[in-house]
>>> print(open('input_36.cif').read())   # mmCIF, C-alpha atoms and all ligand atoms
data_upload
loop_
_atom_site.label_atom_id
_atom_site.label_comp_id
_atom_site.auth_asym_id
_atom_site.auth_seq_id
_atom_site.Cartn_x
_atom_site.Cartn_y
_atom_site.Cartn_z
CA MET A 1 1.31 -8.98 -1.62
CA LYS A 2 0.49 -8.65 -5.32
CA VAL A 3 1.47 -5.32 -6.85
CA ALA A 4 1.00 -3.83 -10.31
CA VAL A 5 3.15 -0.94 -11.49
CA VAL A 6 1.42 1.20 -14.09
CA GLY A 7 4.03 3.50 -15.62
CA ALA A 8 7.39 1.83 -14.98
CA GLY A 9 9.58 4.92 -15.41
CA GLY A 10 11.73 6.76 -12.87
CA ILE A 11 9.27 6.33 -10.00
CA GLY A 12 7.42 3.14 -10.92
CA GLY A 13 10.60 1.38 -12.02
CA TYR A 14 12.53 2.36 -8.90
CA PHE A 15 9.95 1.60 -6.20
CA GLY A 16 8.36 -1.32 -8.07
CA GLY A 17 11.86 -2.65 -8.74
CA ARG A 18 12.72 -2.45 -5.03
CA LEU A 19 9.63 -4.49 -4.16
CA ALA A 20 10.34 -7.02 -6.92
CA ALA A 21 13.99 -7.35 -5.84
CA ALA A 22 12.73 -8.08 -2.31
CA GLY A 23 10.72 -11.01 -3.66
CA HIS A 24 7.20 -9.55 -3.91
CA ASP A 25 4.89 -10.47 -6.76
CA VAL A 26 5.23 -7.29 -8.85
CA ARG A 27 3.83 -7.00 -12.37
CA PHE A 28 4.93 -4.12 -14.59
CA VAL A 29 2.62 -2.51 -17.14
CA ALA A 30 4.89 -0.91 -19.73
CA ARG A 31 5.05 -0.35 -23.47
CA GLY A 32 7.30 -0.05 -26.51
CA ARG A 33 11.04 -0.57 -26.32
CA HIS A 34 11.01 -0.30 -22.52
CA LEU A 35 8.64 -3.28 -22.33
CA GLU A 36 10.77 -5.27 -24.79
CA ALA A 37 13.92 -4.54 -22.74
CA LEU A 38 12.22 -5.45 -19.44
CA ARG A 39 11.16 -8.79 -20.89
CA ARG A 40 14.50 -9.50 -22.53
CA ASP A 41 17.04 -8.10 -20.05
CA GLY A 42 15.11 -7.38 -16.86
CA LEU A 43 15.31 -4.09 -14.95
CA THR A 44 18.53 -2.33 -14.02
CA VAL A 45 18.55 0.53 -11.51
CA GLU A 46 21.85 2.38 -11.54
CA GLY A 47 22.93 3.97 -8.28
CA PRO A 48 23.75 7.66 -7.77
CA GLU A 49 27.34 7.13 -8.97
CA GLY A 50 26.14 5.64 -12.26
CA ASP A 51 27.87 2.33 -11.52
CA ALA A 52 26.73 -0.53 -9.32
CA SER A 53 26.92 1.59 -6.13
CA GLY A 54 23.49 1.81 -4.61
CA GLY A 55 22.02 0.16 -7.66
CA PHE A 56 20.17 -3.10 -8.02
CA SER A 57 18.60 -5.21 -10.71
CA VAL A 58 15.74 -7.60 -11.29
CA PRO A 59 16.62 -10.35 -13.78
CA ALA A 60 14.30 -11.00 -16.72
CA SER A 61 13.52 -14.45 -15.30
CA ALA A 62 11.99 -12.79 -12.18
CA LEU A 63 10.35 -9.82 -13.88
CA ARG A 64 6.82 -9.99 -15.21
CA ALA A 65 5.95 -7.22 -17.66
CA THR A 66 3.06 -6.74 -20.04
CA ASP A 67 1.18 -4.02 -21.92
CA ASP A 68 -2.13 -5.68 -21.10
CA PRO A 69 -3.34 -5.31 -17.49
CA SER A 70 -6.13 -7.84 -18.03
CA GLU A 71 -3.36 -10.48 -18.12
CA ILE A 72 -2.60 -9.46 -14.52
CA GLY A 73 -6.08 -9.18 -13.01
CA PRO A 74 -6.90 -7.72 -9.59
CA VAL A 75 -4.01 -6.85 -7.28
CA ASP A 76 -3.59 -5.62 -3.68
CA HIS A 77 -1.74 -2.43 -4.60
CA VAL A 78 -1.23 -0.47 -7.81
CA LEU A 79 1.76 1.86 -7.97
CA LEU A 80 0.75 4.55 -10.44
CA GLY A 81 3.91 6.06 -11.89
CA VAL A 82 2.84 7.91 -15.06
CA LYS A 83 3.28 11.65 -15.50
CA THR A 84 0.29 13.88 -14.78
CA TRP A 85 -0.38 14.62 -18.45
CA GLN A 86 -0.39 10.86 -19.15
CA LEU A 87 -3.12 10.14 -16.59
CA PRO A 88 -6.10 10.44 -18.97
CA SER A 89 -4.71 7.79 -21.32
CA ALA A 90 -3.31 5.56 -18.55
CA LEU A 91 -6.27 5.51 -16.15
CA PRO A 92 -8.34 3.04 -18.22
CA LEU A 93 -5.51 0.54 -17.63
CA LEU A 94 -6.49 0.45 -13.94
CA LYS A 95 -9.89 -1.14 -14.42
CA PRO A 96 -8.81 -4.83 -14.64
CA LEU A 97 -6.38 -4.34 -11.73
CA VAL A 98 -8.84 -2.99 -9.19
CA GLU A 99 -11.34 -4.90 -7.07
CA ASP A 100 -12.80 -4.19 -3.62
CA GLY A 101 -9.93 -3.34 -1.28
CA THR A 102 -7.32 -2.65 -3.98
CA ALA A 103 -5.27 0.46 -3.22
CA VAL A 104 -4.09 2.68 -6.08
CA LEU A 105 -1.13 4.73 -4.89
CA THR A 106 -0.66 8.07 -6.65
CA THR A 107 2.91 9.36 -6.81
CA GLN A 108 2.44 12.38 -9.07
CA ASN A 109 3.75 15.77 -8.02
CA GLY A 110 0.94 18.27 -7.46
CA VAL A 111 -2.33 17.98 -5.57
CA GLU A 112 -4.85 17.02 -8.26
CA ALA A 113 -3.93 13.47 -9.31
CA PRO A 114 -5.82 11.77 -6.43
CA ALA A 115 -9.14 13.29 -7.53
CA GLU A 116 -8.43 12.45 -11.17
CA VAL A 117 -7.75 8.82 -10.26
CA ALA A 118 -10.77 8.71 -7.94
CA GLU A 119 -13.02 9.62 -10.87
CA VAL A 120 -12.10 6.30 -12.49
CA VAL A 121 -11.66 3.87 -9.57
CA GLY A 122 -13.62 5.60 -6.78
CA ARG A 123 -12.24 7.52 -3.84
CA ASP A 124 -12.06 4.45 -1.57
CA ALA A 125 -9.48 2.87 -3.85
CA VAL A 126 -7.05 5.82 -3.77
CA LEU A 127 -3.98 6.13 -1.56
CA LEU A 128 -2.21 9.48 -1.78
CA GLY A 129 1.56 9.32 -2.16
CA SER A 130 4.55 11.61 -2.42
CA ALA A 131 7.97 10.42 -3.57
CA LYS A 132 11.19 11.99 -2.33
CA ILE A 133 13.83 10.86 -4.77
CA ILE A 134 15.41 11.89 -8.07
CA THR A 135 15.26 9.20 -10.72
CA TYR A 136 14.78 9.03 -14.46
CA LEU A 137 14.42 6.55 -17.25
CA ALA A 138 17.96 6.35 -18.64
CA GLY A 139 17.04 4.02 -21.50
CA PRO A 140 14.91 0.95 -22.20
CA GLY A 141 14.98 -1.23 -19.08
CA ARG A 142 17.29 1.20 -17.24
CA ILE A 143 16.42 3.55 -14.39
CA ARG A 144 18.96 6.01 -13.02
CA HIS A 145 18.74 6.98 -9.34
CA VAL A 146 20.43 10.38 -9.22
CA GLY A 147 19.78 11.48 -5.67
CA GLY A 148 17.46 11.72 -2.73
CA LEU A 149 17.04 9.09 -0.05
CA GLY A 150 14.39 7.20 -1.96
CA SER A 151 11.46 7.63 0.38
CA LEU A 152 7.76 7.25 -0.21
CA THR A 153 5.22 9.02 2.00
CA PHE A 154 1.60 7.88 1.73
CA GLY A 155 -1.72 7.51 3.43
CA GLU A 156 -5.47 7.13 3.04
CA TRP A 157 -7.49 10.03 1.63
CA ASP A 158 -8.85 10.85 5.10
CA ASN A 159 -5.64 9.83 6.94
CA ARG A 160 -7.34 6.93 8.74
CA PRO A 161 -5.07 4.00 9.66
CA SER A 162 -5.68 0.95 7.46
CA ASP A 163 -4.32 -2.54 6.95
CA ARG A 164 -3.44 -1.85 3.31
CA VAL A 165 -1.37 1.20 4.27
CA GLU A 166 0.40 -0.80 6.98
CA THR A 167 1.02 -3.76 4.63
CA LEU A 168 2.56 -1.47 2.03
CA ARG A 169 4.63 0.38 4.64
CA ARG A 170 6.07 -2.88 5.96
CA ALA A 171 6.78 -4.27 2.48
CA LEU A 172 8.58 -1.10 1.38
CA ASP A 173 10.51 -0.95 4.62
CA GLU A 174 11.68 -4.54 4.20
CA ALA A 175 12.62 -3.72 0.59
CA GLY A 176 14.98 -0.95 1.75
CA VAL A 177 12.69 2.00 1.01
CA THR A 178 12.05 4.64 3.65
CA ALA A 179 8.25 4.42 3.93
CA VAL A 180 6.51 7.14 5.90
CA VAL A 181 2.85 7.29 6.93
CA PRO A 182 2.29 10.90 8.04
CA GLN A 183 -0.46 12.32 10.22
CA ASP A 184 -1.78 14.38 7.31
CA ILE A 185 -0.95 13.18 3.79
CA TRP A 186 -2.58 16.26 2.21
CA ALA A 187 -0.18 18.51 4.12
CA GLU A 188 2.71 16.41 2.75
CA LEU A 189 1.44 16.76 -0.83
CA TRP A 190 0.99 20.51 -0.48
CA ALA A 191 4.38 20.97 1.22
CA LYS A 192 6.14 19.17 -1.64
CA PHE A 193 4.05 21.14 -4.15
CA LEU A 194 5.11 24.38 -2.48
CA PHE A 195 8.71 23.42 -3.26
CA VAL A 196 8.43 21.90 -6.74
CA ALA A 197 6.04 24.32 -8.47
CA PRO A 198 8.00 27.56 -7.77
CA PHE A 199 11.35 25.83 -8.35
CA GLY A 200 10.05 24.29 -11.58
CA GLY A 201 8.28 27.40 -12.86
CA LEU A 202 11.05 29.88 -12.13
CA GLY A 203 13.75 27.48 -13.31
CA SER A 204 11.85 26.98 -16.57
CA VAL A 205 11.49 30.67 -17.42
CA THR A 206 15.10 31.49 -16.50
CA ASP A 207 16.75 28.25 -17.69
CA ALA A 208 18.80 28.54 -14.49
CA PRO A 209 19.65 25.81 -11.95
CA ILE A 210 18.62 26.04 -8.32
CA GLY A 211 21.99 27.45 -7.18
CA ALA A 212 21.50 30.53 -9.38
CA LEU A 213 17.81 30.96 -8.48
CA ARG A 214 18.51 31.00 -4.76
CA SER A 215 21.57 33.24 -4.75
CA ARG A 216 20.27 36.30 -6.64
CA PRO A 217 18.15 38.34 -4.21
CA GLY A 218 15.51 39.08 -6.89
CA THR A 219 14.91 35.48 -7.94
CA ARG A 220 15.10 34.30 -4.32
CA ARG A 221 12.30 36.77 -3.54
CA LEU A 222 10.26 35.47 -6.49
CA LEU A 223 10.70 31.91 -5.20
CA ALA A 224 9.51 33.00 -1.74
CA ASP A 225 6.55 34.94 -3.17
CA ALA A 226 5.47 32.02 -5.38
CA MET A 227 5.67 29.74 -2.30
CA THR A 228 3.61 32.16 -0.20
CA GLU A 229 0.92 32.12 -2.89
CA ILE A 230 0.78 28.32 -2.68
CA GLN A 231 0.59 28.44 1.12
CA ARG A 232 -2.49 30.69 0.74
CA VAL A 233 -4.07 28.49 -1.93
CA ALA A 234 -3.47 25.43 0.30
CA ARG A 235 -5.23 27.13 3.22
CA ALA A 236 -8.16 28.11 0.99
CA SER A 237 -8.32 24.49 -0.22
CA GLY A 238 -8.50 23.19 3.36
CA THR A 239 -4.87 22.41 4.21
CA VAL A 240 -3.10 24.63 6.73
CA LEU A 241 0.65 24.42 6.30
CA PRO A 242 3.05 25.48 9.10
CA ASP A 243 3.48 29.28 9.43
CA ASP A 244 7.22 28.97 8.69
CA ILE A 245 6.79 26.67 5.66
CA VAL A 246 8.30 29.21 3.23
CA THR A 247 11.38 29.70 5.42
CA THR A 248 11.92 25.98 5.95
CA THR A 249 11.39 25.28 2.23
CA LEU A 250 13.95 27.95 1.31
CA ASP A 251 16.34 26.26 3.79
CA PHE A 252 15.71 23.03 1.87
CA VAL A 253 16.36 24.87 -1.42
CA ASP A 254 19.69 26.03 0.05
CA ARG A 255 20.71 22.44 0.81
CA GLN A 256 20.18 21.20 -2.77
CA PRO A 257 23.13 20.67 -5.15
CA ALA A 258 23.65 24.00 -6.97
CA GLU A 259 23.31 22.49 -10.45
CA GLY A 260 19.91 20.88 -9.74
CA THR A 261 16.99 21.45 -12.12
CA SER A 262 13.40 20.17 -12.07
CA SER A 263 11.86 17.69 -14.50
CA LEU A 264 9.49 20.50 -15.55
CA GLN A 265 12.44 22.67 -16.55
CA ARG A 266 14.19 19.86 -18.41
CA ASP A 267 11.03 18.81 -20.27
CA ILE A 268 10.13 22.38 -21.29
CA ALA A 269 13.71 23.11 -22.39
CA ALA A 270 13.64 19.95 -24.54
CA GLY A 271 10.30 20.92 -26.12
CA LEU A 272 8.61 17.85 -24.59
CA PRO A 273 5.15 17.61 -23.01
CA SER A 274 5.45 18.76 -19.40
CA GLU A 275 3.61 18.80 -16.08
CA LEU A 276 3.08 22.59 -16.28
CA GLU A 277 -0.73 22.24 -16.04
CA ALA A 278 -0.50 20.14 -12.88
CA TRP A 279 2.12 22.37 -11.23
CA THR A 280 2.00 26.10 -11.95
CA GLY A 281 -1.29 25.75 -13.83
CA ALA A 282 -2.93 24.12 -10.80
CA VAL A 283 -1.77 26.92 -8.49
CA VAL A 284 -3.38 29.47 -10.79
CA ARG A 285 -6.56 27.44 -11.33
CA LEU A 286 -7.09 26.59 -7.65
CA GLY A 287 -6.19 30.14 -6.62
CA GLY A 288 -8.77 31.42 -9.09
CA SER A 289 -11.51 29.13 -7.82
CA HIS A 290 -10.86 30.17 -4.18
CA GLY A 291 -10.35 33.88 -4.87
CA VAL A 292 -6.65 33.79 -3.90
CA ALA A 293 -4.36 36.07 -5.94
CA THR A 294 -1.39 34.27 -7.52
CA PRO A 295 0.45 36.96 -9.53
CA VAL A 296 3.89 35.35 -9.58
CA ASN A 297 2.57 31.91 -10.50
CA SER A 298 0.21 33.46 -13.07
CA PHE A 299 3.11 35.23 -14.77
CA LEU A 300 5.15 32.01 -14.84
CA TYR A 301 2.16 30.05 -16.13
CA GLN A 302 1.37 32.47 -18.97
CA VAL A 303 4.98 32.68 -20.17
CA LEU A 304 5.53 28.94 -19.97
CA GLY A 305 2.09 28.15 -21.38
CA LEU A 306 2.96 30.07 -24.52
CA ARG A 307 6.31 28.33 -24.77
CA GLU A 308 4.69 24.95 -24.30
CA ALA A 309 1.97 25.67 -26.88
CA ARG A 310 4.62 26.58 -29.44
CA ALA A 311 6.56 23.40 -28.68
CA ALA A 312 3.36 21.35 -29.14
CA GLU A 313 2.79 23.01 -32.54
CA GLN A 314 6.36 22.19 -33.49
CA ARG A 315 5.94 18.55 -32.48
CA ALA A 316 2.69 18.33 -34.48
CA ALA A 317 4.40 19.84 -37.53
CA GLU A 318 7.25 17.36 -37.19
CA ARG A 319 4.79 14.46 -37.02
CA ARG A 320 3.07 15.75 -40.20
CA THR A 321 6.32 16.10 -42.11
CA GLY A 322 7.96 12.96 -40.72
CA GLY A 323 10.37 14.87 -38.48
CA SER A 324 11.73 17.45 -40.92
CA ALA A 325 9.88 20.62 -39.72
CA ALA A 326 12.40 23.38 -38.98
N1 LIG A 401 11.33 10.85 -11.19
C1 LIG A 401 11.42 11.52 -10.05
O1 LIG A 401 12.51 11.75 -9.56
C2 LIG A 401 10.17 11.99 -9.35
C3 LIG A 401 10.25 12.36 -8.01
C4 LIG A 401 9.08 12.73 -7.35
C5 LIG A 401 7.88 12.73 -8.02
N2 LIG A 401 7.85 12.39 -9.32
C6 LIG A 401 6.53 12.41 -10.00
O2 LIG A 401 6.20 11.07 -10.37
C7 LIG A 401 5.45 11.06 -11.57
C8 LIG A 401 6.12 10.11 -12.56
O3 LIG A 401 7.37 10.69 -12.92
P1 LIG A 401 8.55 9.82 -13.56
O4 LIG A 401 9.76 10.67 -13.49
O5 LIG A 401 8.61 8.46 -12.98
O6 LIG A 401 8.04 9.73 -15.07
P2 LIG A 401 8.67 8.85 -16.26
O7 LIG A 401 10.08 8.44 -15.93
O8 LIG A 401 8.42 9.57 -17.52
O9 LIG A 401 7.81 7.52 -16.20
C9 LIG A 401 6.49 7.42 -16.67
C10 LIG A 401 6.37 6.06 -17.31
O10 LIG A 401 5.01 5.77 -17.52
C11 LIG A 401 4.92 5.19 -18.81
N3 LIG A 401 3.56 5.30 -19.33
C12 LIG A 401 2.81 6.40 -19.50
N4 LIG A 401 1.62 6.10 -20.01
C13 LIG A 401 1.62 4.74 -20.18
C14 LIG A 401 0.68 3.83 -20.69
N5 LIG A 401 -0.52 4.23 -21.12
N6 LIG A 401 1.02 2.51 -20.74
C15 LIG A 401 2.22 2.08 -20.29
N7 LIG A 401 3.18 2.92 -19.79
C16 LIG A 401 2.86 4.23 -19.74
C17 LIG A 401 5.90 5.98 -19.64
O11 LIG A 401 6.15 5.34 -20.85
P3 LIG A 401 6.53 6.21 -22.16
O12 LIG A 401 7.95 6.64 -21.93
O13 LIG A 401 6.33 5.24 -23.27
O14 LIG A 401 5.58 7.39 -22.21
C18 LIG A 401 7.09 5.99 -18.67
O15 LIG A 401 7.81 4.79 -18.74
C19 LIG A 401 5.39 12.52 -12.05
O16 LIG A 401 4.18 13.11 -11.68
C20 LIG A 401 6.54 13.20 -11.30
O17 LIG A 401 6.29 14.57 -11.06
C21 LIG A 401 8.95 12.01 -10.02
#
>>> encode(input="input_36.cif", output="structure tokens", more="lines below")
Ligand SMILES: NC(=O)c1ccc[n+]([C@@H]2O[C@H](COP(=O)([O-])OP(=O)(O)OC[C@H]3O[C@@H](n4cnc5c(N)ncnc54)[C@H](OP(=O)(O)O)[C@@H]3O)[C@@H](O)[C@H]2O)c1
Amino acid sequence: MKVAVVGAGGIGGYFGGRLAAAGHDVRFVARGRHLEALRRDGLTVEGPEGDASGGFSVPASALRATDDPSEIGPVDHVLLGVKTWQLPSALPLLKPLVEDGTAVLTTQNGVEAPAEVAEVVGRDAVLLGSAKIITYLAGPGRIRHVGGLGSLTFGEWDNRPSDRVETLRRALDEAGVTAVVPQDIWAELWAKFLFVAPFGGLGSVTDAPIGALRSRPGTRRLLADAMTEIQRVARASGTVLPDDIVTTTLDFVDRQPAEGTSSLQRDIAAGLPSELEAWTGAVVRLGGSHGVATPVNSFLYQVLGLREARAAEQRAAERRTGGSAA
């Protein structure tokens, strides 16, 4: 099985690294200092304890990384691990990697990446995926696995069984990854979205971790209301989630480590580009197009949108002045 990883960060580095460590032919498309480190030192994935526990590595001698996908050519599977806001600039990289039968696996949080990818490679090439793990790029060549089992759930657009899904499932399984092929991959994407978007949006406006959000009755209610809005938007978009999805998702919220925060919250707090458009923004946009009211998500989106716009202005000013804008 020949695999290309486009976007070798927390997700691409971890799952692509697992496949490479298991001996598959995995090529990494990366850039900058990360690419240099991958070529020079290989890939290191640190386990949840930060030491070797649960970690693994792929030596430079066994790791093939490039910034030019035409050096790789067509592959069986592409693992697409860029952030949602990076898709427009990363999608052209797919062209040399895709031929008839190639599967491009999306891993982005949210429900819109598959359609965005399909616009470039065609719907037949897209596999929808959802990652359950917490990882991040700790430095050039270094991924940190913080928590979560490390599972990948995926399937064809229309949920039909296929050889390429089965091949990937088996390869991941043999590489030590929990690989799940659900009955309805869209329901999986929406269920994860129903957790991450409210958690991310509310955490970002309050700057509070999940333990605080869930224990104050007012913010717990806001979480539940934001989730209910997403359940309604999902139904209007054609995916019926279980009636008790909000209750079971709040149970899941209650089982998370109290200090947990989302990547959205961390990126917004740091003044970095974020996935706001693809999370809270998508709830509002899709709700609007289906006539579903989303007042809680709309409030979160407007407040955070303003904050994000100001951070973008600040970044632009810093670029103009060489980093000295106050
Ligand atoms: N990490 C998690 O725990 C987790 C869990 C579930 C779902 N997800 C979802 O998975 C997606 C990826 O998240 P992530 O945490 O893995 O992001 P990440 O750590 O930021 O990784 C993205 C990687 O893609 C690279 N990249 C972007 N554009 C590129 C280009 N044109 N050429 C080469 N490399 C490029 C980035 O390089 P630069 O640094 O140079 O931009 C970075 O190394 C997101 O949608 C996220 O919501 C993440």
>>> residues_near_ligand(input="input_36.cif", ligand="ligand LIG 401 (chain A)", cutoff="7 Å", atoms="all atoms listed in the file", output="MDAnalysis selection string")
chainID A and resid 6:12 29:32 67 81:84 86 89:90 107:109 130:137
>>> closest_atom_pairs(input="input_36.cif", of="segment 174-235 of chain A", to="segment 268-291 of chain A", cutoff="12 Å", atoms="only C-alpha atoms", output="Markdown table")
| residue | atom | partner | partner_atom | distance |
| --- | --- | --- | --- | --- |
| A:Leu189 | CA | A:Trp279 | CA | 11.8 |
| A:Trp190 | CA | A:Val283 | CA | 10.6 |
| A:Lys192 | CA | A:Trp279 | CA | 10.9 |
| A:Phe193 | CA | A:Trp279 | CA | 7.4 |
| A:Leu194 | CA | A:Trp279 | CA | 9.5 |
| A:Phe195 | CA | A:Trp279 | CA | 10.4 |
| A:Val196 | CA | A:Trp279 | CA | 7.8 |
| A:Ala197 | CA | A:Trp279 | CA | 5.2 |
| A:Pro198 | CA | A:Thr280 | CA | 7.5 |
| A:Phe199 | CA | A:Thr280 | CA | 10.0 |
| A:Gly200 | CA | A:Trp279 | CA | 8.2 |
| A:Gly201 | CA | A:Thr280 | CA | 6.5 |
| A:Leu202 | CA | A:Thr280 | CA | 9.8 |
| A:Gly203 | CA | A:Ala269 | CA | 10.1 |
| A:Ser204 | CA | A:Ile268 | CA | 6.8 |
| A:Val205 | CA | A:Ile268 | CA | 9.2 |
| A:Thr206 | CA | A:Ala269 | CA | 10.3 |
| A:Asp207 | CA | A:Ala269 | CA | 7.6 |
| A:Ala208 | CA | A:Ala269 | CA | 10.9 |
| A:Ala226 | CA | A:Val283 | CA | 9.4 |
| A:Met227 | CA | A:Val283 | CA | 10.1 |
| A:Thr228 | CA | A:Val283 | CA | 11.2 |
| A:Glu229 | CA | A:Val283 | CA | 8.1 |
| A:Ile230 | CA | A:Val283 | CA | 6.5 |
| A:Gln231 | CA | A:Val283 | CA | 10.0 |
| A:Arg232 | CA | A:Gly287 | CA | 8.3 |
| A:Val233 | CA | A:Gly287 | CA | 5.4 |
| A:Ala234 | CA | A:Gly287 | CA | 8.8 |
| A:Arg235 | CA | A:His290 | CA | 9.8 |
>>> atom_distance(input="input_36.cif", atom1="atom CA of Ala115 of chain A", atom2="atom CA of Val3 of chain A")
21.4 Å
>>> atom_distance(input="input_36.cif", atom1="atom CA of Arg64 of chain A", atom2="atom CA of Val146 of chain A")
25.2 Å
>>> closest_residue(input="input_36.cif", among="A:Glu46, A:Ala175, A:Ala138, A:Val104", to="Phe15 of chain A", atoms="all atoms listed in the file")
A:Ala175
>>> closest_residue(input="input_36.cif", among="A:Asp244, A:Glu308, A:Asp173, A:Glu188", to="Ala22 of chain A", atoms="only C-alpha atoms")
A:Asp173
>>> atom_distance(input="input_36.cif", atom1="atom CA of Gln265 of chain A", atom2="atom CA of Gly147 of chain A")
17.2 Å
>>> closest_residue(input="input_36.cif", among="A:Val98, A:Val246, A:Gly54, A:Gly141", to="Leu223 of chain A", atoms="only C-alpha atoms")
A:Val246
>>> decode(input="input_36.cif", residues="segment 9-27 of chain A", atoms="N, CA and C atoms", output="short mmCIF file (atom, residue, chain, number, x, y, z; two decimals), in the first residue's frame")
data_model
loop_
_atom_site.label_atom_id
_atom_site.label_comp_id
_atom_site.auth_asym_id
_atom_site.auth_seq_id
_atom_site.Cartn_x
_atom_site.Cartn_y
_atom_site.Cartn_z
N GLY A 9 1.33 17.14 10.36
CA GLY A 9 1.31 17.69 11.71
C GLY A 9 0.79 16.67 12.71
N GLY A 10 -0.01 17.15 13.66
CA GLY A 10 -0.50 16.28 14.74
C GLY A 10 -1.18 15.03 14.20
N ILE A 11 -2.08 15.20 13.26
CA ILE A 11 -2.84 14.06 12.73
C ILE A 11 -2.05 13.31 11.66
N GLY A 12 -1.58 14.03 10.65
CA GLY A 12 -0.85 13.36 9.57
C GLY A 12 0.42 12.69 10.07
N GLY A 13 1.13 13.37 10.96
CA GLY A 13 2.38 12.81 11.49
C GLY A 13 2.11 11.57 12.33
N TYR A 14 1.05 11.64 13.15
CA TYR A 14 0.77 10.49 14.03
C TYR A 14 0.33 9.26 13.22
N PHE A 15 -0.75 9.42 12.43
CA PHE A 15 -1.29 8.24 11.74
C PHE A 15 -0.37 7.81 10.58
N GLY A 16 0.19 8.77 9.87
CA GLY A 16 1.15 8.42 8.82
C GLY A 16 2.38 7.75 9.43
N GLY A 17 2.81 8.27 10.57
CA GLY A 17 3.97 7.70 11.26
C GLY A 17 3.70 6.26 11.69
N ARG A 18 2.49 6.01 12.19
CA ARG A 18 2.13 4.63 12.58
C ARG A 18 2.24 3.68 11.39
N LEU A 19 1.72 4.13 10.24
CA LEU A 19 1.77 3.27 9.05
C LEU A 19 3.22 3.07 8.59
N ALA A 20 4.01 4.14 8.64
CA ALA A 20 5.42 4.04 8.22
C ALA A 20 6.18 3.10 9.18
N ALA A 21 5.92 3.26 10.48
CA ALA A 21 6.61 2.42 11.47
C ALA A 21 6.24 0.94 11.29
N ALA A 22 5.05 0.69 10.71
CA ALA A 22 4.63 -0.70 10.47
C ALA A 22 5.17 -1.22 9.13
N GLY A 23 5.94 -0.39 8.44
CA GLY A 23 6.61 -0.88 7.23
C GLY A 23 5.92 -0.53 5.92
N HIS A 24 4.85 0.27 5.96
CA HIS A 24 4.20 0.66 4.71
C HIS A 24 5.01 1.74 4.00
N ASP A 25 4.76 1.85 2.70
CA ASP A 25 5.45 2.85 1.89
C ASP A 25 4.71 4.18 2.06
N VAL A 26 5.18 5.00 2.99
CA VAL A 26 4.50 6.26 3.32
C VAL A 26 5.40 7.42 2.93
N ARG A 27 4.88 8.35 2.15
CA ARG A 27 5.65 9.53 1.76
C ARG A 27 4.99 10.75 2.42
#
